[in-house]
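Structure file entry-v3.txt (compact mmCIF, C-alpha atoms) is printed below.
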# COMPACT_ATOMS: atom_id res chain seq x y z
CA LEU A 1 -11.15 -21.85 4.18
CA THR A 2 -11.36 -21.89 7.93
CA GLY A 3 -12.09 -18.25 8.73
CA GLU A 4 -8.79 -17.71 10.50
CA VAL A 5 -7.42 -15.31 7.87
CA PRO A 6 -8.38 -11.61 8.14
CA GLY A 7 -11.08 -10.62 5.67
CA GLU A 8 -11.79 -14.20 4.58
CA TYR A 9 -15.34 -14.06 3.26
CA VAL A 10 -15.22 -15.65 -0.16
CA CYS A 11 -14.44 -19.30 -0.72
CA PHE A 12 -12.10 -19.74 -3.66
CA GLN A 13 -11.59 -23.12 -5.23
CA LEU A 14 -7.90 -23.35 -4.39
CA ASN A 15 -5.91 -26.24 -3.07
CA PRO A 16 -4.45 -25.09 0.27
CA ALA A 17 -2.29 -28.22 0.42
CA VAL A 18 -0.12 -26.86 -2.35
CA GLY A 19 0.55 -23.71 -0.31
CA ILE A 20 -0.65 -21.32 -2.97
CA LEU A 21 -3.36 -19.89 -0.71
CA ASP A 22 -0.78 -18.51 1.74
CA ARG A 23 1.09 -16.87 -1.11
CA TYR A 24 -2.10 -15.32 -2.52
CA GLN A 25 -3.02 -13.98 0.92
CA ALA A 26 0.41 -12.38 1.30
CA TYR A 27 0.15 -10.84 -2.18
CA GLU A 28 -3.31 -9.49 -1.42
CA LEU A 29 -2.07 -7.93 1.81
CA LEU A 30 0.83 -6.24 0.03
CA HIS A 31 -1.33 -5.02 -2.84
CA THR A 32 -3.89 -3.55 -0.44
CA ARG A 33 -1.13 -1.61 1.32
CA TRP A 34 0.26 -0.23 -1.95
CA ALA A 35 -3.28 0.70 -3.03
CA MET A 36 -3.88 2.61 0.22
CA LEU A 37 -0.64 4.55 -0.27
CA GLY A 38 -1.49 5.19 -3.91
CA ALA A 39 -5.00 6.40 -3.13
CA ALA A 40 -3.59 8.85 -0.60
CA GLY A 41 -1.08 10.03 -3.18
CA PHE A 42 -3.87 10.69 -5.65
CA VAL A 43 -6.16 12.57 -3.31
CA LEU A 44 -3.98 14.53 -0.86
CA PRO A 45 -2.11 16.87 -3.25
CA GLU A 46 -5.34 17.87 -4.96
CA ALA A 47 -7.03 18.40 -1.59
CA PHE A 48 -4.10 20.50 -0.38
CA ASN A 49 -4.31 22.70 -3.48
CA LYS A 50 -8.06 23.08 -3.08
CA PHE A 51 -7.69 24.35 0.48
CA GLY A 52 -4.94 26.86 -0.25
CA ALA A 53 -1.67 24.97 0.01
CA SER A 54 0.59 25.11 -3.01
CA CYS A 55 1.60 21.66 -4.21
CA GLY A 56 2.92 22.65 -7.59
CA PRO A 57 1.38 24.27 -10.65
CA GLU A 58 -1.13 21.47 -10.97
CA ALA A 59 -1.35 18.87 -8.25
CA VAL A 60 -2.51 16.07 -10.50
CA TRP A 61 -0.54 12.86 -10.25
CA PHE A 62 0.15 12.40 -13.95
CA LYS A 63 1.20 16.02 -14.49
CA THR A 64 3.88 15.81 -11.79
CA GLY A 65 5.82 13.29 -13.85
CA ALA A 66 5.38 15.41 -16.96
CA LEU A 67 6.75 18.41 -15.06
CA LEU A 68 9.89 16.46 -14.16
CA LEU A 69 10.28 15.18 -17.73
CA ASP A 70 10.20 18.76 -19.00
CA GLY A 71 13.03 19.68 -16.63
CA GLY A 72 10.88 21.52 -14.10
CA THR A 73 11.15 21.33 -10.33
CA LEU A 74 8.54 20.46 -7.77
CA SER A 75 7.06 22.99 -5.37
CA TYR A 76 5.25 21.88 -2.22
CA PHE A 77 3.75 24.33 0.26
CA GLY A 78 5.62 27.22 -1.35
CA ALA A 79 9.07 25.62 -1.05
CA THR A 80 10.88 24.48 -4.18
CA VAL A 81 12.08 20.90 -3.96
CA PRO A 82 15.37 20.58 -5.87
CA VAL A 83 14.77 17.19 -7.40
CA ASN A 84 15.17 16.22 -11.00
CA LEU A 85 13.90 13.16 -12.80
CA ALA A 86 17.03 11.08 -12.15
CA ALA A 87 16.92 11.79 -8.40
CA ALA A 88 13.20 10.96 -8.28
CA VAL A 89 13.76 7.64 -10.08
CA ILE A 90 16.69 6.72 -7.83
CA ALA A 91 14.68 7.56 -4.69
CA GLU A 92 11.75 5.51 -5.94
CA ILE A 93 13.95 2.53 -6.75
CA MET A 94 15.55 2.68 -3.30
CA LEU A 95 12.26 3.03 -1.41
CA VAL A 96 10.26 0.48 -3.39
CA GLY A 97 13.28 -1.81 -3.63
CA GLY A 98 13.72 -1.67 0.13
CA ALA A 99 10.08 -2.59 0.67
CA GLU A 100 10.31 -5.45 -1.82
CA TYR A 101 13.52 -6.69 -0.19
CA PHE A 102 11.66 -6.86 3.14
CA VAL A 103 8.90 -8.87 1.45
CA ILE A 104 11.38 -11.29 -0.10
CA GLN A 105 13.02 -11.84 3.28
CA ASN A 106 9.66 -12.54 4.98
CA LYS A 107 7.64 -14.19 2.21
CA GLN A 108 7.54 -17.58 3.91
CA ASP A 109 6.15 -16.16 7.17
CA PHE A 110 2.77 -14.56 6.44
CA ASN A 111 2.31 -13.40 10.04
CA ARG A 112 5.50 -11.31 9.81
CA LEU A 113 3.79 -9.17 7.17
CA HIS A 114 1.37 -7.86 9.80
CA PRO A 115 2.55 -4.99 11.99
CA GLY A 116 4.34 -5.58 15.21
CA GLY A 117 7.49 -4.52 16.99
CA PRO A 118 8.35 -0.89 16.17
CA PHE A 119 5.27 -0.62 13.93
CA ASP A 120 3.00 -1.33 16.91
CA PRO A 121 3.60 1.44 19.47
CA LEU A 122 0.27 0.79 21.22
CA GLY A 123 1.01 -2.90 21.73
CA LEU A 124 -2.06 -4.12 19.84
CA ALA A 125 -0.26 -7.13 18.39
CA LYS A 126 0.43 -8.61 21.81
CA ASP A 127 -3.19 -9.67 22.35
CA PRO A 128 -4.33 -11.82 19.37
CA ASP A 129 -8.03 -11.22 20.02
CA GLN A 130 -7.58 -7.44 20.13
CA PHE A 131 -5.29 -7.49 17.09
CA ALA A 132 -7.69 -9.52 14.91
CA LEU A 133 -10.04 -6.56 14.39
CA PRO A 134 -7.40 -4.14 12.97
CA LYS A 135 -6.24 -6.92 10.62
CA VAL A 136 -9.76 -7.28 9.21
CA LYS A 137 -10.20 -3.50 9.00
CA GLY A 138 -6.90 -3.20 7.17
CA MET A 139 -7.95 -5.79 4.60
CA LYS A 140 -11.35 -4.15 4.08
CA ASN A 141 -9.83 -0.67 3.71
CA GLY A 142 -7.19 -2.04 1.36
CA ARG A 143 -9.76 -3.72 -0.85
CA LEU A 144 -11.71 -0.48 -0.96
CA ALA A 145 -8.51 1.36 -1.91
CA MET A 146 -7.90 -1.10 -4.77
CA PHE A 147 -11.35 -0.34 -6.18
CA SER A 148 -10.83 3.39 -5.70
CA MET A 149 -7.55 3.18 -7.63
CA LEU A 150 -9.45 1.56 -10.47
CA GLY A 151 -11.84 4.51 -10.39
CA PHE A 152 -8.94 6.99 -10.40
CA PHE A 153 -7.44 5.36 -13.48
CA LEU A 154 -10.72 5.23 -15.36
Kindly return the structure encoded in the file as structure tokens.
Amino acid sequence: LTGEVPGEYVCFQLNPAVGILDRYQAYELLHTRWAMLGAAGFVLPEAFNKFGASCGPEAVWFKTGALLLDGGTLSYFGATVPVNLAAAVIAEIMLVGGAEYFVIQNKQDFNRLHPGGPFDPLGLAKDPDQFALPKVKGMKNGRLAMFSMLGFFL
């Protein structure tokens, strides 16, 4: 390992000539992003309920699915969301499928997985030295989110 990859601190015994290291780095980046979204999805509804906002009868992640299975509807901030289980599954398939389609289209180019273009309104990606720090911070926060997800499940 050469130190050019964000968050590269541990030397794994992999053969970079085979190209598997690039694939593992891309997978780690994607898993850290999903973990950060998941951790926010675990914490925010419960925090909203604690501070007075109404995010359903019980804003616990596993009880939301049970509510939809029982034929109930979701209620966020006092407004009823008219979604049933079929609509929730279709929306999830479309959103996650769209994200996975983007990954499949860009899986050979690891640098395309980092933000830029419309996802970089401040222009941080234009200067490589300035953009290296947010890449490392993103990997560190993502790794922390993966461990926090493990704690949520246990």
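Picture a line from atom CA of A:Trp61 to atom CA of A:Phe42; it runs 6.1 Å.
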Correct to one decimal, the distance atom CA of A:Ser75-atom CA of A:Met94 is 22.1 Å
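Rounded to one decimal, atom CA of A:Lys140 and atom CA of A:Gly38 lie 15.8 Å from each other.
For the residues A:Asp22, A:Leu29, A:Thr80, A:Gly41, ranking by smallest atom-to-atom distance to A:Lys137 using all atoms listed in the file places A:Leu29 first.
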Name the residues in contact with A:Thr32 at a cut-off of 12 Å, using all atoms listed in the file, excluding same-chain residues fewer than 2 positions from it; report them as a count of residues only. 28
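Of the residues listed (A:Ile90, A:Asp127, A:Glu100, A:Pro45), A:Pro45 shows the shortest atom-to-atom separation from A:Tyr76; distances use only C-alpha atoms.
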Per-axis box centre and lengths in Å around stretch 143-152 of chain A, 8 Å margin per side, axis-aligned, as lines of an AutoDock Vina configuration file:
center_x = -9.7
center_y = 1.6
center_z = -5.7
size_x = 20.3
size_y = 26.7
size_z = 25.6
How would stretch 26-64 of chain A look written as a compact mmCIF listing (two decimals), in the first residue's frame with N, CA and C atoms?
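part_35.txt, freshly written:
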# COMPACT_ATOMS: atom_id res chain seq x y z
N ALA A 26 -13.45 0.21 -3.21
CA ALA A 26 -14.75 0.73 -3.67
C ALA A 26 -15.87 0.16 -2.81
N TYR A 27 -15.81 -1.13 -2.49
CA TYR A 27 -16.84 -1.73 -1.64
C TYR A 27 -16.84 -1.11 -0.25
N GLU A 28 -15.65 -0.86 0.29
CA GLU A 28 -15.59 -0.25 1.61
C GLU A 28 -16.20 1.15 1.58
N LEU A 29 -15.90 1.91 0.56
CA LEU A 29 -16.46 3.25 0.44
C LEU A 29 -17.99 3.21 0.38
N LEU A 30 -18.52 2.30 -0.40
CA LEU A 30 -19.98 2.20 -0.51
C LEU A 30 -20.60 1.71 0.79
N HIS A 31 -19.98 0.75 1.45
CA HIS A 31 -20.53 0.26 2.71
C HIS A 31 -20.47 1.34 3.80
N THR A 32 -19.44 2.15 3.80
CA THR A 32 -19.38 3.22 4.80
C THR A 32 -20.50 4.23 4.57
N ARG A 33 -20.80 4.51 3.32
CA ARG A 33 -21.88 5.47 3.04
C ARG A 33 -23.24 4.91 3.45
N TRP A 34 -23.50 3.64 3.15
CA TRP A 34 -24.76 3.03 3.59
C TRP A 34 -24.84 2.99 5.11
N ALA A 35 -23.72 2.72 5.77
CA ALA A 35 -23.72 2.67 7.24
C ALA A 35 -24.02 4.05 7.83
N MET A 36 -23.48 5.12 7.22
CA MET A 36 -23.77 6.46 7.73
C MET A 36 -25.25 6.79 7.56
N LEU A 37 -25.84 6.42 6.43
CA LEU A 37 -27.28 6.64 6.24
C LEU A 37 -28.09 5.81 7.22
N GLY A 38 -27.69 4.56 7.41
CA GLY A 38 -28.41 3.69 8.34
C GLY A 38 -28.33 4.18 9.77
N ALA A 39 -27.16 4.64 10.18
CA ALA A 39 -27.01 5.14 11.56
C ALA A 39 -27.89 6.36 11.79
N ALA A 40 -27.98 7.22 10.79
CA ALA A 40 -28.87 8.38 10.91
C ALA A 40 -30.33 7.93 10.98
N GLY A 41 -30.67 6.91 10.22
CA GLY A 41 -32.03 6.40 10.24
C GLY A 41 -32.40 5.73 11.55
N PHE A 42 -31.42 5.21 12.26
CA PHE A 42 -31.67 4.63 13.58
C PHE A 42 -31.89 5.72 14.62
N VAL A 43 -31.05 6.73 14.59
CA VAL A 43 -30.99 7.70 15.68
C VAL A 43 -32.01 8.84 15.54
N LEU A 44 -32.16 9.39 14.35
CA LEU A 44 -32.96 10.61 14.18
C LEU A 44 -34.43 10.46 14.57
N PRO A 45 -35.15 9.42 14.15
CA PRO A 45 -36.56 9.34 14.57
C PRO A 45 -36.73 9.25 16.09
N GLU A 46 -35.85 8.52 16.74
CA GLU A 46 -35.95 8.43 18.20
C GLU A 46 -35.62 9.77 18.85
N ALA A 47 -34.65 10.48 18.29
CA ALA A 47 -34.31 11.80 18.83
C ALA A 47 -35.44 12.79 18.60
N PHE A 48 -36.07 12.73 17.43
CA PHE A 48 -37.21 13.61 17.17
C PHE A 48 -38.33 13.36 18.16
N ASN A 49 -38.64 12.09 18.41
CA ASN A 49 -39.70 11.77 19.38
C ASN A 49 -39.34 12.25 20.77
N LYS A 50 -38.09 12.13 21.14
CA LYS A 50 -37.66 12.54 22.48
C LYS A 50 -37.84 14.04 22.69
N PHE A 51 -37.63 14.81 21.64
CA PHE A 51 -37.71 16.26 21.76
C PHE A 51 -39.04 16.84 21.29
N GLY A 52 -40.09 16.01 21.25
CA GLY A 52 -41.43 16.51 21.03
C GLY A 52 -42.03 16.31 19.66
N ALA A 53 -41.26 15.96 18.67
CA ALA A 53 -41.84 15.72 17.35
C ALA A 53 -42.48 14.34 17.33
N SER A 54 -43.53 14.20 16.58
CA SER A 54 -44.22 12.92 16.51
C SER A 54 -43.80 12.18 15.25
N CYS A 55 -43.05 11.12 15.43
CA CYS A 55 -42.61 10.29 14.29
C CYS A 55 -43.25 8.91 14.37
N GLY A 56 -44.50 8.86 14.66
CA GLY A 56 -45.19 7.59 14.74
C GLY A 56 -45.44 7.17 16.17
N PRO A 57 -46.16 6.08 16.36
CA PRO A 57 -46.46 5.63 17.72
C PRO A 57 -45.20 5.26 18.48
N GLU A 58 -44.30 4.60 17.84
CA GLU A 58 -42.99 4.30 18.42
C GLU A 58 -41.97 4.47 17.32
N ALA A 59 -41.05 5.35 17.51
CA ALA A 59 -40.07 5.65 16.46
C ALA A 59 -38.85 4.74 16.60
N VAL A 60 -39.09 3.46 16.61
CA VAL A 60 -38.01 2.48 16.66
C VAL A 60 -37.98 1.80 15.30
N TRP A 61 -36.81 1.65 14.75
CA TRP A 61 -36.68 1.21 13.36
C TRP A 61 -37.38 -0.10 13.07
N PHE A 62 -37.31 -1.06 13.97
CA PHE A 62 -37.91 -2.36 13.67
C PHE A 62 -39.41 -2.37 13.88
N LYS A 63 -39.95 -1.42 14.62
CA LYS A 63 -41.40 -1.37 14.82
C LYS A 63 -42.10 -0.63 13.68
N THR A 64 -41.36 0.14 12.90
CA THR A 64 -41.96 0.80 11.74
C THR A 64 -42.38 -0.22 10.70
